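The structure file protein-v8.pdb is reproduced below (PDB, C-alpha atoms, pLDDT in the B column).
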ATOM      1  CA  MET A   1     -67.302 -56.004   9.293  1.00 50.00           C
ATOM      2  CA  HIS A   2     -66.257 -56.173  12.854  1.00 45.00           C
ATOM      3  CA  ASP A   3     -63.035 -55.648  14.658  1.00 49.00           C
ATOM      4  CA  ASN A   4     -62.334 -56.670  18.220  1.00 49.00           C
ATOM      5  CA  THR A   5     -60.150 -54.076  19.883  1.00 47.00           C
ATOM      6  CA  GLN A   6     -58.515 -54.469  23.239  1.00 48.00           C
ATOM      7  CA  THR A   7     -58.345 -51.614  25.694  1.00 46.00           C
ATOM      8  CA  ASP A   8     -56.561 -51.218  29.002  1.00 50.00           C
ATOM      9  CA  ASN A   9     -58.198 -50.372  32.202  1.00 48.00           C
ATOM     10  CA  LYS A  10     -56.593 -49.441  35.400  1.00 48.00           C
ATOM     11  CA  ASP A  11     -56.984 -52.865  36.879  1.00 49.00           C
ATOM     12  CA  GLY A  12     -54.920 -54.428  34.165  1.00 48.00           C
ATOM     13  CA  VAL A  13     -57.895 -56.389  32.890  1.00 46.00           C
ATOM     14  CA  PHE A  14     -58.399 -56.431  29.167  1.00 44.00           C
ATOM     15  CA  GLU A  15     -61.830 -55.699  27.809  1.00 48.00           C
ATOM     16  CA  PHE A  16     -62.888 -56.444  24.266  1.00 45.00           C
ATOM     17  CA  ILE A  17     -64.959 -53.762  22.489  1.00 48.00           C
ATOM     18  CA  ASP A  18     -67.002 -54.715  19.511  1.00 54.00           C
ATOM     19  CA  VAL A  19     -66.504 -52.066  16.759  1.00 49.00           C
ATOM     20  CA  ASP A  20     -68.490 -52.069  13.517  1.00 55.00           C
ATOM     21  CA  MET A  21     -65.974 -50.863  10.850  1.00 53.00           C
ATOM     22  CA  ASP A  22     -68.710 -50.595   8.238  1.00 57.00           C
ATOM     23  CA  GLU A  23     -69.807 -47.395   9.929  1.00 55.00           C
ATOM     24  CA  PHE A  24     -66.569 -45.741   8.818  1.00 51.00           C
ATOM     25  CA  ALA A  25     -66.726 -46.891   5.195  1.00 55.00           C
ATOM     26  CA  PRO A  26     -67.836 -44.405   2.510  1.00 55.00           C
ATOM     27  CA  PRO A  27     -71.216 -44.942   0.866  1.00 57.00           C
ATOM     28  CA  GLU A  28     -71.168 -47.429  -1.969  1.00 58.00           C
ATOM     29  CA  ASP A  29     -72.382 -44.815  -4.510  1.00 53.00           C
ATOM     30  CA  ALA A  30     -69.808 -42.211  -3.485  1.00 50.00           C
ATOM     31  CA  ASP A  31     -67.219 -41.211  -6.079  1.00 50.00           C
ATOM     32  CA  ILE A  32     -63.968 -41.745  -4.320  1.00 46.00           C
ATOM     33  CA  MET A  33     -61.833 -40.966  -7.357  1.00 51.00           C
ATOM     34  CA  ILE A  34     -59.654 -37.947  -6.686  1.00 48.00           C
ATOM     35  CA  GLN A  35     -59.579 -35.636  -9.686  1.00 50.00           C
ATOM     36  CA  PRO A  36     -56.107 -34.247 -10.242  1.00 50.00           C
ATOM     37  CA  GLU A  37     -55.964 -30.457 -10.133  1.00 50.00           C
ATOM     38  CA  SER A  38     -54.702 -28.562 -13.122  1.00 50.00           C
ATOM     39  CA  VAL A  39     -51.122 -27.750 -12.343  1.00 50.00           C
ATOM     40  CA  GLN A  40     -49.482 -24.818 -14.135  1.00 52.00           C
ATOM     41  CA  THR A  41     -45.744 -24.729 -14.295  1.00 57.00           C
ATOM     42  CA  ASP A  42     -43.746 -21.576 -13.593  1.00 59.00           C
ATOM     43  CA  GLY A  43     -42.590 -21.531 -17.221  1.00 62.00           C
ATOM     44  CA  GLU A  44     -46.136 -21.552 -18.593  1.00 65.00           C
ATOM     45  CA  GLU A  45     -47.217 -18.801 -16.192  1.00 67.00           C
ATOM     46  CA  LEU A  46     -44.230 -16.620 -17.192  1.00 64.00           C
ATOM     47  CA  SER A  47     -44.986 -17.238 -20.862  1.00 68.00           C
ATOM     48  CA  GLU A  48     -48.608 -16.138 -20.384  1.00 68.00           C
ATOM     49  CA  ARG A  49     -47.508 -12.989 -18.565  1.00 70.00           C
ATOM     50  CA  LYS A  50     -45.108 -12.132 -21.368  1.00 66.00           C
ATOM     51  CA  GLU A  51     -47.837 -12.763 -23.934  1.00 67.00           C
ATOM     52  CA  SER A  52     -50.238 -10.513 -22.031  1.00 77.00           C
ATOM     53  CA  LYS A  53     -47.650  -7.719 -21.784  1.00 76.00           C
ATOM     54  CA  GLY A  54     -46.893  -8.104 -25.499  1.00 77.00           C
ATOM     55  CA  ARG A  55     -50.560  -7.717 -26.409  1.00 82.00           C
ATOM     56  CA  LYS A  56     -50.888  -4.673 -24.146  1.00 82.00           C
ATOM     57  CA  PHE A  57     -47.798  -3.065 -25.683  1.00 82.00           C
ATOM     58  CA  ALA A  58     -49.109  -3.751 -29.198  1.00 84.00           C
ATOM     59  CA  ARG A  59     -52.452  -2.127 -28.345  1.00 85.00           C
ATOM     60  CA  GLU A  60     -50.755   0.940 -26.856  1.00 86.00           C
ATOM     61  CA  LEU A  61     -48.409   1.216 -29.826  1.00 86.00           C
ATOM     62  CA  CYS A  62     -51.333   1.034 -32.252  1.00 89.00           C
ATOM     63  CA  SER A  63     -53.210   3.739 -30.335  1.00 87.00           C
ATOM     64  CA  TYR A  64     -50.160   6.034 -30.417  1.00 86.00           C
ATOM     65  CA  LEU A  65     -49.693   5.425 -34.141  1.00 88.00           C
ATOM     66  CA  VAL A  66     -53.346   6.271 -34.772  1.00 89.00           C
ATOM     67  CA  ILE A  67     -52.997   9.521 -32.792  1.00 90.00           C
ATOM     68  CA  ILE A  68     -49.811  10.481 -34.657  1.00 91.00           C
ATOM     69  CA  ALA A  69     -51.358   9.659 -38.035  1.00 90.00           C
ATOM     70  CA  ALA A  70     -54.454  11.710 -37.193  1.00 87.00           C
ATOM     71  CA  ALA A  71     -52.315  14.664 -36.072  1.00 87.00           C
ATOM     72  CA  VAL A  72     -50.247  14.540 -39.274  1.00 85.00           C
ATOM     73  CA  PHE A  73     -53.399  14.322 -41.398  1.00 83.00           C
ATOM     74  CA  ILE A  74     -54.982  17.290 -39.616  1.00 83.00           C
ATOM     75  CA  ALA A  75     -51.779  19.358 -39.900  1.00 77.00           C
ATOM     76  CA  VAL A  76     -51.479  18.636 -43.634  1.00 82.00           C
ATOM     77  CA  ALA A  77     -55.169  19.360 -44.235  1.00 76.00           C
ATOM     78  CA  VAL A  78     -55.074  22.616 -42.267  1.00 77.00           C
ATOM     79  CA  ASN A  79     -51.905  23.772 -44.060  1.00 77.00           C
ATOM     80  CA  LYS A  80     -53.352  22.916 -47.457  1.00 78.00           C
ATOM     81  CA  PHE A  81     -56.877  24.244 -47.063  1.00 81.00           C
ATOM     82  CA  VAL A  82     -56.943  26.707 -44.140  1.00 92.00           C
ATOM     83  CA  ILE A  83     -53.622  28.477 -43.576  1.00 95.00           C
ATOM     84  CA  ILE A  84     -50.292  29.074 -45.264  1.00 96.00           C
ATOM     85  CA  ASN A  85     -46.969  29.675 -43.561  1.00 94.00           C
ATOM     86  CA  ALA A  86     -44.802  32.280 -45.326  1.00 95.00           C
ATOM     87  CA  HIS A  87     -41.250  33.579 -44.910  1.00 96.00           C
ATOM     88  CA  ILE A  88     -40.184  37.077 -45.936  1.00 97.00           C
ATOM     89  CA  PRO A  89     -36.846  37.056 -47.829  1.00 95.00           C
ATOM     90  CA  SER A  90     -36.610  40.714 -48.939  1.00 96.00           C
ATOM     91  CA  THR A  91     -37.156  44.319 -47.852  1.00 96.00           C
ATOM     92  CA  SER A  92     -39.949  45.074 -50.331  1.00 97.00           C
ATOM     93  CA  MET A  93     -42.632  45.199 -47.604  1.00 97.00           C
ATOM     94  CA  VAL A  94     -40.687  47.118 -44.943  1.00 97.00           C
ATOM     95  CA  PRO A  95     -41.795  48.392 -42.425  1.00 96.00           C
ATOM     96  CA  THR A  96     -44.901  46.190 -42.391  1.00 97.00           C
ATOM     97  CA  LEU A  97     -42.879  43.021 -42.981  1.00 97.00           C
ATOM     98  CA  LYS A  98     -39.154  42.774 -42.429  1.00 97.00           C
ATOM     99  CA  VAL A  99     -36.547  40.301 -43.658  1.00 97.00           C
ATOM    100  CA  ASP A 100     -36.899  36.884 -41.966  1.00 97.00           C
ATOM    101  CA  ASP A 101     -40.353  37.663 -40.589  1.00 98.00           C
ATOM    102  CA  ARG A 102     -42.606  34.628 -40.562  1.00 97.00           C
ATOM    103  CA  LEU A 103     -46.313  35.008 -41.017  1.00 97.00           C
ATOM    104  CA  ILE A 104     -49.566  33.122 -41.311  1.00 97.00           C
ATOM    105  CA  GLY A 105     -51.997  33.670 -44.158  1.00 97.00           C
ATOM    106  CA  PHE A 106     -55.661  32.676 -44.019  1.00 97.00           C
ATOM    107  CA  ARG A 107     -56.675  30.771 -47.159  1.00 97.00           C
ATOM    108  CA  LEU A 108     -60.400  31.100 -46.478  1.00 96.00           C
ATOM    109  CA  ALA A 109     -60.350  34.894 -46.104  1.00 96.00           C
ATOM    110  CA  TYR A 110     -61.934  35.411 -49.519  1.00 97.00           C
ATOM    111  CA  LEU A 111     -64.289  32.452 -49.477  1.00 94.00           C
ATOM    112  CA  PHE A 112     -67.335  34.717 -49.162  1.00 94.00           C
ATOM    113  CA  SER A 113     -65.869  38.086 -50.130  1.00 95.00           C
ATOM    114  CA  GLU A 114     -63.464  39.608 -52.631  1.00 97.00           C
ATOM    115  CA  PRO A 115     -59.960  40.961 -51.933  1.00 98.00           C
ATOM    116  CA  GLN A 116     -60.020  44.620 -50.940  1.00 97.00           C
ATOM    117  CA  ARG A 117     -57.715  47.538 -51.630  1.00 97.00           C
ATOM    118  CA  GLY A 118     -55.147  47.755 -48.828  1.00 97.00           C
ATOM    119  CA  ASP A 119     -55.104  44.022 -48.028  1.00 98.00           C
ATOM    120  CA  VAL A 120     -51.696  42.378 -47.689  1.00 98.00           C
ATOM    121  CA  VAL A 121     -51.942  39.126 -49.632  1.00 98.00           C
ATOM    122  CA  ILE A 122     -49.914  36.043 -50.456  1.00 98.00           C
ATOM    123  CA  PHE A 123     -50.107  35.052 -54.111  1.00 98.00           C
ATOM    124  CA  GLU A 124     -48.413  32.965 -56.787  1.00 97.00           C
ATOM    125  CA  HIS A 125     -47.478  34.873 -59.922  1.00 97.00           C
ATOM    126  CA  SER A 126     -45.197  34.760 -62.950  1.00 97.00           C
ATOM    127  CA  LEU A 127     -43.560  38.171 -63.320  1.00 96.00           C
ATOM    128  CA  SER A 128     -42.923  37.775 -67.045  1.00 95.00           C
ATOM    129  CA  GLU A 129     -43.640  35.379 -69.883  1.00 91.00           C
ATOM    130  CA  GLY A 130     -41.751  32.096 -69.714  1.00 91.00           C
ATOM    131  CA  VAL A 131     -40.813  32.555 -66.050  1.00 93.00           C
ATOM    132  CA  GLU A 132     -42.041  30.139 -63.413  1.00 95.00           C
ATOM    133  CA  LYS A 133     -44.502  31.372 -60.845  1.00 96.00           C
ATOM    134  CA  GLU A 134     -43.215  32.323 -57.431  1.00 96.00           C
ATOM    135  CA  ILE A 135     -44.948  33.006 -54.149  1.00 96.00           C
ATOM    136  CA  LEU A 136     -44.926  36.697 -53.229  1.00 97.00           C
ATOM    137  CA  VAL A 137     -46.346  39.003 -50.574  1.00 98.00           C
ATOM    138  CA  LYS A 138     -47.545  42.475 -51.562  1.00 98.00           C
ATOM    139  CA  ARG A 139     -50.307  44.969 -50.818  1.00 98.00           C
ATOM    140  CA  ILE A 140     -53.342  45.335 -53.077  1.00 98.00           C
ATOM    141  CA  ILE A 141     -53.423  48.860 -54.472  1.00 98.00           C
ATOM    142  CA  GLY A 142     -55.856  48.455 -57.350  1.00 98.00           C
ATOM    143  CA  ILE A 143     -58.937  46.237 -57.623  1.00 98.00           C
ATOM    144  CA  PRO A 144     -60.854  45.362 -60.819  1.00 98.00           C
ATOM    145  CA  GLY A 145     -61.855  48.458 -62.791  1.00 98.00           C
ATOM    146  CA  ASP A 146     -59.609  50.914 -60.895  1.00 98.00           C
ATOM    147  CA  GLU A 147     -57.844  53.746 -62.761  1.00 98.00           C
ATOM    148  CA  ILE A 148     -54.405  54.176 -61.198  1.00 98.00           C
ATOM    149  CA  LEU A 149     -52.071  57.128 -61.595  1.00 98.00           C
ATOM    150  CA  ILE A 150     -48.629  57.161 -59.975  1.00 97.00           C
ATOM    151  CA  ASP A 151     -47.278  60.700 -59.915  1.00 95.00           C
ATOM    152  CA  ASP A 152     -46.082  63.486 -57.628  1.00 92.00           C
ATOM    153  CA  GLY A 153     -44.718  60.998 -55.068  1.00 92.00           C
ATOM    154  CA  GLY A 154     -48.100  59.339 -54.539  1.00 95.00           C
ATOM    155  CA  VAL A 155     -50.710  56.935 -55.846  1.00 97.00           C
ATOM    156  CA  PHE A 156     -54.024  58.209 -57.179  1.00 97.00           C
ATOM    157  CA  VAL A 157     -56.906  55.728 -57.515  1.00 98.00           C
ATOM    158  CA  ASN A 158     -59.919  56.880 -59.531  1.00 98.00           C
ATOM    159  CA  GLY A 159     -58.745  60.461 -59.157  1.00 96.00           C
ATOM    160  CA  GLU A 160     -58.188  60.394 -55.391  1.00 97.00           C
ATOM    161  CA  ARG A 161     -54.825  60.240 -53.688  1.00 96.00           C
ATOM    162  CA  LEU A 162     -54.379  57.241 -51.396  1.00 96.00           C
ATOM    163  CA  SER A 163     -53.547  57.866 -47.749  1.00 94.00           C
ATOM    164  CA  GLU A 164     -50.738  55.396 -47.070  1.00 95.00           C
ATOM    165  CA  ASP A 165     -49.408  55.675 -43.552  1.00 93.00           C
ATOM    166  CA  TYR A 166     -47.834  52.221 -43.870  1.00 93.00           C
ATOM    167  CA  LEU A 167     -45.109  53.392 -46.275  1.00 94.00           C
ATOM    168  CA  ALA A 168     -41.446  53.169 -45.275  1.00 87.00           C
ATOM    169  CA  ALA A 169     -40.615  56.496 -46.937  1.00 91.00           C
ATOM    170  CA  PRO A 170     -42.067  58.902 -49.495  1.00 90.00           C
ATOM    171  CA  MET A 171     -42.142  57.358 -52.961  1.00 93.00           C
ATOM    172  CA  ASN A 172     -39.804  58.688 -55.637  1.00 92.00           C
ATOM    173  CA  THR A 173     -41.568  59.146 -58.989  1.00 89.00           C
ATOM    174  CA  LEU A 174     -39.327  59.955 -61.944  1.00 85.00           C
ATOM    175  CA  SER A 175     -42.251  59.880 -64.352  1.00 89.00           C
ATOM    176  CA  SER A 176     -45.987  59.383 -64.154  1.00 95.00           C
ATOM    177  CA  LEU A 177     -47.425  55.917 -64.692  1.00 97.00           C
ATOM    178  CA  GLU A 178     -51.020  55.040 -65.541  1.00 97.00           C
ATOM    179  CA  PHE A 179     -52.804  51.698 -65.275  1.00 98.00           C
ATOM    180  CA  THR A 180     -56.332  50.384 -65.731  1.00 98.00           C
ATOM    181  CA  VAL A 181     -56.928  47.222 -63.740  1.00 98.00           C
ATOM    182  CA  PRO A 182     -58.732  44.533 -65.791  1.00 98.00           C
ATOM    183  CA  GLU A 183     -61.658  42.508 -64.511  1.00 97.00           C
ATOM    184  CA  ASP A 184     -60.746  39.709 -62.123  1.00 96.00           C
ATOM    185  CA  SER A 185     -57.269  41.221 -61.639  1.00 98.00           C
ATOM    186  CA  TYR A 186     -55.342  43.209 -59.040  1.00 98.00           C
ATOM    187  CA  PHE A 187     -52.526  45.763 -59.001  1.00 98.00           C
ATOM    188  CA  MET A 188     -49.873  45.036 -56.364  1.00 98.00           C
ATOM    189  CA  MET A 189     -47.223  47.208 -54.729  1.00 98.00           C
ATOM    190  CA  GLY A 190     -44.743  46.793 -51.876  1.00 97.00           C
ATOM    191  CA  ASP A 191     -44.779  49.130 -48.871  1.00 97.00           C
ATOM    192  CA  ASN A 192     -41.096  49.924 -49.374  1.00 97.00           C
ATOM    193  CA  ARG A 193     -41.880  51.680 -52.659  1.00 95.00           C
ATOM    194  CA  ASN A 194     -38.376  52.804 -53.561  1.00 95.00           C
ATOM    195  CA  VAL A 195     -36.953  49.254 -53.563  1.00 95.00           C
ATOM    196  CA  SER A 196     -39.995  47.106 -54.273  1.00 96.00           C
ATOM    197  CA  TYR A 197     -40.204  45.232 -57.569  1.00 96.00           C
ATOM    198  CA  ASP A 198     -43.949  45.080 -58.174  1.00 97.00           C
ATOM    199  CA  SER A 199     -46.789  45.675 -60.650  1.00 98.00           C
ATOM    200  CA  ARG A 200     -45.182  48.940 -61.783  1.00 97.00           C
ATOM    201  CA  MET A 201     -42.315  47.002 -63.391  1.00 96.00           C
ATOM    202  CA  TRP A 202     -43.639  43.501 -64.041  1.00 97.00           C
ATOM    203  CA  GLN A 203     -44.188  42.398 -67.605  1.00 97.00           C
ATOM    204  CA  ASN A 204     -47.241  40.511 -66.332  1.00 97.00           C
ATOM    205  CA  THR A 205     -48.559  43.596 -64.598  1.00 98.00           C
ATOM    206  CA  TYR A 206     -51.672  42.231 -62.936  1.00 98.00           C
ATOM    207  CA  VAL A 207     -52.310  39.374 -60.523  1.00 98.00           C
ATOM    208  CA  THR A 208     -55.446  37.399 -61.317  1.00 98.00           C
ATOM    209  CA  ARG A 209     -58.016  36.456 -58.698  1.00 97.00           C
ATOM    210  CA  ASP A 210     -57.186  32.750 -58.849  1.00 97.00           C
ATOM    211  CA  GLU A 211     -53.510  33.478 -58.138  1.00 98.00           C
ATOM    212  CA  ILE A 212     -54.289  34.930 -54.713  1.00 98.00           C
ATOM    213  CA  ILE A 213     -53.674  32.230 -52.118  1.00 97.00           C
ATOM    214  CA  ALA A 214     -54.455  33.924 -48.818  1.00 98.00           C
ATOM    215  CA  ARG A 215     -54.702  37.132 -46.874  1.00 98.00           C
ATOM    216  CA  ALA A 216     -51.745  37.757 -44.545  1.00 98.00           C
ATOM    217  CA  VAL A 217     -53.225  37.822 -41.053  1.00 97.00           C
ATOM    218  CA  PHE A 218     -50.433  37.997 -38.489  1.00 97.00           C
ATOM    219  CA  LYS A 219     -46.707  37.605 -37.918  1.00 97.00           C
ATOM    220  CA  TYR A 220     -45.599  35.019 -35.383  1.00 97.00           C
ATOM    221  CA  TYR A 221     -41.820  35.568 -35.595  1.00 96.00           C
ATOM    222  CA  PRO A 222     -39.846  37.346 -34.228  1.00 96.00           C
ATOM    223  CA  ARG A 223     -42.959  38.424 -32.326  1.00 95.00           C
ATOM    224  CA  ILE A 224     -46.694  38.041 -32.712  1.00 96.00           C
ATOM    225  CA  GLU A 225     -48.225  41.023 -34.452  1.00 96.00           C
ATOM    226  CA  LYS A 226     -51.336  41.618 -36.511  1.00 96.00           C
ATOM    227  CA  ILE A 227     -50.747  42.631 -40.145  1.00 97.00           C
ATOM    228  CA  GLU A 228     -52.600  45.734 -41.275  1.00 93.00           C
TER
END
Represent the structure from my file as structure tokens, please.
Amino acid sequence: MHDNTQTDNKDGVFEFIDVDMDEFAPPEDADIMIQPESVQTDGEELSERKESKGRKFARELCSYLVIIAAAVFIAVAVNKFVIINAHIPSTSMVPTLKVDDRLIGFRLAYLFSEPQRGDVVIFEHSLSEGVEKEILVKRIIGIPGDEILIDDGGVFVNGERLSEDYLAAPMNTLSSLEFTVPEDSYFMMGDNRNVSYDSRMWQNTYVTRDEIIARAVFKYYPRIEKIE
């Protein structure tokens, strides 16, 4: 294809230039179709952003719920199998434990050993027949097989007088009392001997081994203090 184009020159004479227009045409095999670009509207983009934020929030929420559930599970498991939290409602263990003291007992203390004389323990016991069990805190005075004599203001175990520097005051003894601790059982007394209701008076005198829940380890309120 040709096109004759006129051009000016300075002399005002027209000159015809022979131009081959085929040189400017695209190749015959060229794909001259223009593919439309994918156009995303503002509404679709906003919707996708909201969807993305929603998925992110859901993932974060699920992760927090998993953490909370795990923490609750661990707390319940530890409280059930490892420790016990106890509150002191009376003066029976003064001065070792006072009213409103809060303490932690270790449930696994006797996993590989037996309770010992002098230990302060948390146990569940029915004080008399037909009465529901209650959780108590006392000191072990007699272990299985011990011969106990309470007389002359003191406690004698197997013929020897106990040294009890943890007592609130000297014990009043109006009459002598004798006990023989059965196998797998324990004789309990409070440190505040003159007000404590314990094995000396209980109808169910002895606490069995399976009734002992934990050894009292330390107080955490009103201040942290080891229990001895």
Item checked: Contact residues around Ala214 (chain A) with only C-alpha atoms at 12 Å, ignoring same-chain residues under 5 positions, as an NGL selection string -> :A and (79-86 or 103-111 or 114-115 or 119-124 or 135-139 or 209)
Check: Looking at only C-alpha atoms, which of A:Leu174, A:Val99, A:Glu183, A:Ile141 is the one that sits closest to Arg161 (chain A)?
Finding: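 Answer, going by the shortest atom-to-atom distance: A:Ile141.
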Next item on the list: Can you give me, as a ChimeraX atom specification, the residues this file yields under the PyMOL selection byres ((chain A and resi 146-150) around 12)?
Entry: /A:116-117,140-145,151-162,171-189,193,199-200,206
Next item on the list: Please measure the separation of CA of Leu97 (chain A) and CA of Lys219 (chain A), giving the value in Å to one decimal.
Entry: 8.3 Å
Checklist line | Atomic distance CA of Leu127 (chain A) - CA of Arg215 (chain A), expressed in Å with one decimal | finding: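 A separation of 19.9 Å between them.
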Notebook entry, point to check: How many Å lie between CA of Pro170 (chain A) and CA of Asn192 (chain A), rounded to one decimal?
Noted result: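 That distance, rounded to one decimal, is 9.0 Å.
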Next item on the list: Convert the output of the PyMOL selection byres ((chain A and resi 90) around 12) on the shown file into explicit residues, formatted as a PyMOL selection string.
Entry: chain A and resi 87-89+91-102+136-138+190-192+195-197
Selection to disk with C-alpha atoms, as an mmCIF file, in the frame of the given file:
data_model
loop_
_atom_site.group_PDB
_atom_site.id
_atom_site.type_symbol
_atom_site.label_atom_id
_atom_site.label_comp_id
_atom_site.auth_asym_id
_atom_site.auth_seq_id
_atom_site.Cartn_x
_atom_site.Cartn_y
_atom_site.Cartn_z
ATOM 1 C CA HIS A 87 -41.250 33.579 -44.910
ATOM 2 C CA ILE A 88 -40.184 37.077 -45.936
ATOM 3 C CA PRO A 89 -36.846 37.056 -47.829
ATOM 4 C CA THR A 91 -37.156 44.319 -47.852
ATOM 5 C CA SER A 92 -39.949 45.074 -50.331
ATOM 6 C CA MET A 93 -42.632 45.199 -47.604
ATOM 7 C CA VAL A 94 -40.687 47.118 -44.943
ATOM 8 C CA PRO A 95 -41.795 48.392 -42.425
ATOM 9 C CA THR A 96 -44.901 46.190 -42.391
ATOM 10 C CA LEU A 97 -42.879 43.021 -42.981
ATOM 11 C CA LYS A 98 -39.154 42.774 -42.429
ATOM 12 C CA VAL A 99 -36.547 40.301 -43.658
ATOM 13 C CA ASP A 100 -36.899 36.884 -41.966
ATOM 14 C CA ASP A 101 -40.353 37.663 -40.589
ATOM 15 C CA ARG A 102 -42.606 34.628 -40.562
ATOM 16 C CA LEU A 136 -44.926 36.697 -53.229
ATOM 17 C CA VAL A 137 -46.346 39.003 -50.574
ATOM 18 C CA LYS A 138 -47.545 42.475 -51.562
ATOM 19 C CA GLY A 190 -44.743 46.793 -51.876
ATOM 20 C CA ASP A 191 -44.779 49.130 -48.871
ATOM 21 C CA ASN A 192 -41.096 49.924 -49.374
ATOM 22 C CA VAL A 195 -36.953 49.254 -53.563
ATOM 23 C CA SER A 196 -39.995 47.106 -54.273
ATOM 24 C CA TYR A 197 -40.204 45.232 -57.569
#
Note to self: Nearest residue to Gln203 (chain A) out of A:Glu228, A:Glu129, A:Glu164, A:Glu134, using all atoms listed in the file?
What the structure shows: A:Glu129
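When only C-alpha atoms are used to measure the gap to Val207 (chain A), the shortest distance among A:Ser128, A:Arg55, A:Val66, A:Val78 belongs to A:Ser128.
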